[in-house]
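Following: one structure in structure tokens, then a few remarks.
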Amino acid sequence: MGSLGQREDLQDEDRNSAFTWKVQANNRAYNGQFKEKVILCWQRKKYKTNVIRTAKYNFYSFLPLNLYEQFHRVSNLFFLIIIILQSIPDISTLPWFSLSTPMVCLLFIRATRDLVDDMGRHKSDRAINNRPCQILMGKSFKQKKWQDLCVGDVVCLRKDNIVPADMLLLASTEPSSLCYVETVDIDGETNLKFRQALMVTHKELATIKKMASFQGTVTCEAPNSRMHHFVGCLEWNDKKYSLDIGNLLLRGCRIRNTDTCYGLVIYAGFDTKIMKNCGKIHLKRTKLDLLMNKLVVVIFISVVLVCLVLAFGFGFSVKEFKDHHYYLSGVHGSSVAAESFFVFWSFLILLSVTIPMSMFILSEFIYLGNSVFIDWDVQMYYKPQDVPAKARSTSLNDHLGQVEYIFSDKTGTLTQNILTFNKCCISGRVYGPDSEATTRPKENPYLWNKFADGKLLFHNAALLHLVRTNGDEAVREFWRLLAICHTVMVRESPRERPDQLLYQAASPDEGALVTAARNFGYVFLSRTQDTVTIMELGEERVYQVLAIMDFNSTRKRMSVLVRKPEGAICLYTKGADTVIFERLHRRGAMEFATEEALAAFAQETLRTLCLAYREVAEDIYEDWQQRHQEASLLLQNRAQALQQVYNEMEQDLRLLGATAIEDRLQDGVPETIKCLKKSNIKIWVLTGDKQETAVNIGFACELLSENMLILEEKEISRILETYWENSNNLLTRESLSQVKLALVINGDFLDKLLVSLRKEPRALAQNVNMDEAWQELGQSRRDFLYARRLSLLCRRFGLPLAAPPAQDSRARRSSEVLQERAFVDLASKCQAVICCRVTPKQKALIVALVKKYHQVVTLAIGDGANDINMIKTADVGVGLAGQEGMQAVQNSDFVLGQFCFLQRLLLVHGRWSYVRICKFLRYFFYKSMASMMVQVWFACYNGFTGQPLYEGWFLALFNLLYSTLPVLYIGLFEQDVSAEQSLEKPELYVVGQKDELFNYWVFVQAIAHGVTTSLVNFFMTLWISRDTAGPASFSDHQSFAVVVALSCLLSITMEVILIIKYWTALCVATILLSLGFYAIMTTTTQSFWLFRVSPTTFPFLYADLSVMSSPSILLVVLLSVSINTFPVLALRVIFPALKELRAKEEKVEEGPSEEIFTMEPLPHVHRESRARRSSYAFSHREGYANLITQGTILRRGPGVSSDIASESLDPSDEEAASSPKESQ
């Protein structure tokens, strides 16, 4: 259901992504003239304001909209119809307030809950809309609020400000108008990214006066959800300048390391890319809630049929009565049909209590109580950040006990987002952290180094001794390489501590390596366009940078060619082990020892990097420099030519060693995942991170294991292509089902695979990275091994080796639609699925596809704004209060402090809630049928007149006092096993996934049990009363009604005693109080003084007392209760015993079964094998190499100067700008 909406949104987005968006700077009148058609002749402004409204209701829409939503429940509609009928005197059999009062209470309780939830959204919206910003008004910047922003406004942003809208960067105080942003709230990545203004705006818009006169027009694509794509152009002074995503500041980014920048608002409010990815608020309903809607319809139809039968019975009895007693024709003046019609409605009102409204009222309190228990659980309290668990939604507790799929973010959810230098290997010798008990120092061992930051947790006395003695050349070159070979920038140090350098890295991995070298005495001090300055053990050395060969996902390495102060030329290279070992000059003992160390690091799931260097002769460098210069000047295929030149230089390397960086998992993540997998819960990781990192984390948290067959894109494509050609039974074959599978895919593959993501504008499709098309040397060999592995895989699973024949466009389109279903089927067979480099909307689409094709309960968990859409789409959304802000928390159903608390939330609270709700529903249906079906049997003996059997006050108080407390105890406190046992035996969780405790069959059993109880109570009393006379007789109506009522009450009380497993003093008190309420209220309503006040209202004078005083009548009650209780008790004892005995016999007959499926080993491509276990520690994309070599990042041009900051604000607004701080 959900994926259809997602698909329509994406298709609409594709159709509207043409270049129809025109924005003119500083011209609100021009931008306001654009309109868009809504419906018929109604038009509205095309460009939205920057006001955000995520709340569902406002002051005027709350009442009608909330009532509309509430009456979507079939039960509420049923009760409304009954209340309307009950107000008609001719057919009313119950007082008008007996149903209307509970109905109003139910609507009020649910409306109050919805109002409280929505008030929280309003509060969040106000906090965001009222954040301060500086807007260019006239010839100065004035302090305004976010909600005052409009498309076309020029905005001034300062360091640490949050970007209020999607803006074109015009200028900044940084060199070449660079602007550094942190996108942790968008994609979860903590490394800084840079954006750069066009050079024309950088040079021309150097003063506020020029910005005020700026009238450029931006033409770009319409608003869409593609976070990493933007295509447009700026038209200014009769010239056009192309724009891309590198010129755009996205809403939600935070300005870092940039004093002041200026931007032109392109998209505002809900048109921004982050808001396009946030999705809509969906009304979430549990499976039990939806099932109850269907059951209410079934019960209603059954009640209508019973009423029709009773109405026909009334018609026949009246006709027979008139035939035999013609002299009483005045009593029945109306026709038989008319009287039967009114009797039908009378019975419908009388039997409407078979759908008890009190059940829905009590369920609200039960849901609320179980939510409070989650809030109160101190074992889910995260003390370091003072974050308790919180249930923000009070209607999804039972869904927590039925989850089958968990979709998790990676960064900040599974990991702490903290990278630490953990181990290293130099010249084949491994240096790990010293143990606490042996040589671990009590004080910081780096105090000798004034540049040490004091935060490095890696301590190794032997390595530190080698470094400080400076006698080992390999150790010296190892740390020198880490200090030189990178693209890290040094920002200005704090004035109070000039030796505390602030590093700005393109990835946290590089930052960790440079920081480690800094603590060991090899301190990166500064860089210019062609030099790098290093402090080596107190000696300052300047290296001339001859070339920087930056990292990309194809090269998997980075190199820096430098000239040492002594004049020698040296190449320093770091990269993935597979590409470094291919380029070594020789392979000796040290190289093999390093490979063994890498394998050991891989077992610990550390992120590794190999380091190598090469001394380059002067003549070789001169020849290479000429070819490098020629490749740099090419107009076509420049990237490929440069890659070839780089590869020529990066040969004959000497291995120095390897580094191992730990991407720290949150506490308890592997144990939690292991436990959840035992609970038959499938866990998918959906991340915007690169594939190597995500796979590495998958092994670290034990989501992936060595005995899994990891299917990648080519293998998945082949399986999906042949899925439908094999009669749709490929994925059910025994060979495939017995192998532990895992999928690893990326967002680009999903774009090609999923039909709903296939379309995209032509301009975006042309945005291709040419570097990816270039292949490394040795690629053909790896492709051969990969083809061999794919061939064996095809033979193992019966796949055809050849690709399917070509199809026409219509058939191909049909097969693509079927492949979408095939992908979900294949993924559901896997033990784990990892999706890398996916956008927020792709995350939501994957969740929606699983919901659509498998009808399972899904849970999404994340901690950033990029997870909001996924959290909203899943049946249950869990937000982690982490380092990425509170956006995910504000849009979630449950809040946790750590991922490990998810285990207790599901296996304890979720399972308990499901067990409690199911027992509550089953027992309520049972007791309703046991008490109310007696009215049907009584109608057969009173001429089908619709006369109630019970005393009116018994009917009114039965569900209010006499039977409510025990069932409320079940809904709030029942436990089949303790919390500790729930965690020790996660297999118990499966009952909720299979809907075993409440389904159609359990409902039928409850109805049959209740009907049987009513039959015993009524007919046992009826048959015995026929043979009684005198004072002990109970054949009169009132005595008969009291006996049946007492038998019913005691029978359902015995039933609740049998089903409760968690006995406490409170449980005993609820049962005693219920019986006590019956005794007190019955004595009161049947007292003489109330009878004198109103005989018609209190007609049962001393009826209960007369029955209780007769031992023979009490024996009748005891007999009825015994007949109802003992057979049920026997069945519940015998059946489980027989079932267990039969299971043991079957197990003995089967004998030991071979569960391990052995398959022919598949040859692994060397490039893939190690990357799966230990990802290389590099950034997600290219670093700052181009900016460094061009000098863009290092020199200040004639653009915006820092003096503008002082003239940005109007003098009258300076005081206002300095006082308020940005709302977080």
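Labeling convention for the structure tokens: chains A, B, ... as they appear, residues from 1 per chain, ligands from 1 in order of appearance.
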Next item on the list: Run DSSP on the backbone and grab whatever in segment 320-407 of chain A lands in strand (DSSP E); send it over as JSON, numbers by chain.
Entry: {"A": [390, 391, 403, 404, 405, 406, 407]}
Would you put the residues from that selection into a file with N, CA and C atoms, as a short mmCIF file (atom, residue, chain, number, x, y, z; two decimals), in the first residue's frame?
data_model
loop_
_atom_site.label_atom_id
_atom_site.label_comp_id
_atom_site.auth_asym_id
_atom_site.auth_seq_id
_atom_site.Cartn_x
_atom_site.Cartn_y
_atom_site.Cartn_z
N LYS A 390 11.13 6.38 25.68
CA LYS A 390 9.86 7.08 25.68
C LYS A 390 8.98 6.57 24.56
N ALA A 391 7.72 6.30 24.90
CA ALA A 391 6.73 5.90 23.91
C ALA A 391 5.96 7.16 23.49
N VAL A 403 7.11 -7.61 15.08
CA VAL A 403 8.04 -7.10 14.07
C VAL A 403 8.77 -8.27 13.40
N GLU A 404 8.85 -8.23 12.08
CA GLU A 404 9.59 -9.24 11.32
C GLU A 404 10.77 -8.65 10.58
N TYR A 405 10.74 -7.37 10.28
CA TYR A 405 11.82 -6.72 9.56
C TYR A 405 12.24 -5.46 10.31
N ILE A 406 13.55 -5.32 10.50
CA ILE A 406 14.11 -4.10 11.08
C ILE A 406 14.98 -3.44 10.02
N PHE A 407 14.70 -2.18 9.73
CA PHE A 407 15.50 -1.39 8.79
C PHE A 407 16.28 -0.37 9.62
#
Please produce, as CSV, a per-residue contact table for segment 667-726 of chain A versus segment 814-834 of chain A (criterion: any atom at most 9 Å away, only C-alpha atoms considered), showing the nearest atom pair and its distance in Å to one decimal, sorted by chain then residue number.
residue,atom,partner,partner_atom,distance
A:Lys677,CA,A:Gln831,CA,8.4
A:Lys682,CA,A:Gln831,CA,6.4
A:Ile683,CA,A:Ala832,CA,5.9
A:Trp684,CA,A:Val833,CA,4.7
A:Val685,CA,A:Ile834,CA,4.8
A:Leu686,CA,A:Ile834,CA,6.1
A:Thr687,CA,A:Ile834,CA,7.9
A:Gln691,CA,A:Ile834,CA,8.5
A:Ala694,CA,A:Ile834,CA,7.3
A:Val695,CA,A:Ile834,CA,7.4
A:Gly698,CA,A:Ile834,CA,7.9
A:Leu703,CA,A:Ala832,CA,6.4
A:Leu704,CA,A:Ala832,CA,6.8
A:Met708,CA,A:Gln831,CA,8.4
A:Ile716,CA,A:Phe823,CA,8.2
A:Ile719,CA,A:Leu826,CA,8.6
A:Leu720,CA,A:Gln819,CA,6.0
A:Glu721,CA,A:Gln819,CA,7.3
A:Tyr723,CA,A:Ala822,CA,6.7
A:Trp724,CA,A:Leu818,CA,7.6
Checklist line | Neighbour list for Met549 of chain A as a list in words, cut-off 9 Å, only C-alpha atoms, skip fewer than 6 positions in-chain | finding: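 Contacts, in chain order: Arg557, Met558, Ser559, Val560, Leu561, Gln643, Tyr646 and Ala1185 of chain A.
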Counting only C-alpha atoms, what are the residues of segment 360-392 of chain A within 10 Å of segment 113-132 of chain A, and for each of them which pair of atoms is the nearest and at what distance in Å, to one decimal? Sort the table by chain and rising number, as a tab-separated table.
residue	atom	partner	partner_atom	distance
A:Glu364	CA	A:Arg113	CA	9.6
A:Leu368	CA	A:Arg113	CA	9.4
A:Arg392	CA	A:Asp117	CA	7.5
Margin query: Can you measure atom CA of Val616 of chain A to atom CA of Ala568 of chain A for me? One decimal in Å is fine.
Written below: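 Straight-line distance from atom CA of Val616 of chain A to atom CA of Ala568 of chain A works out to 7.8 Å.
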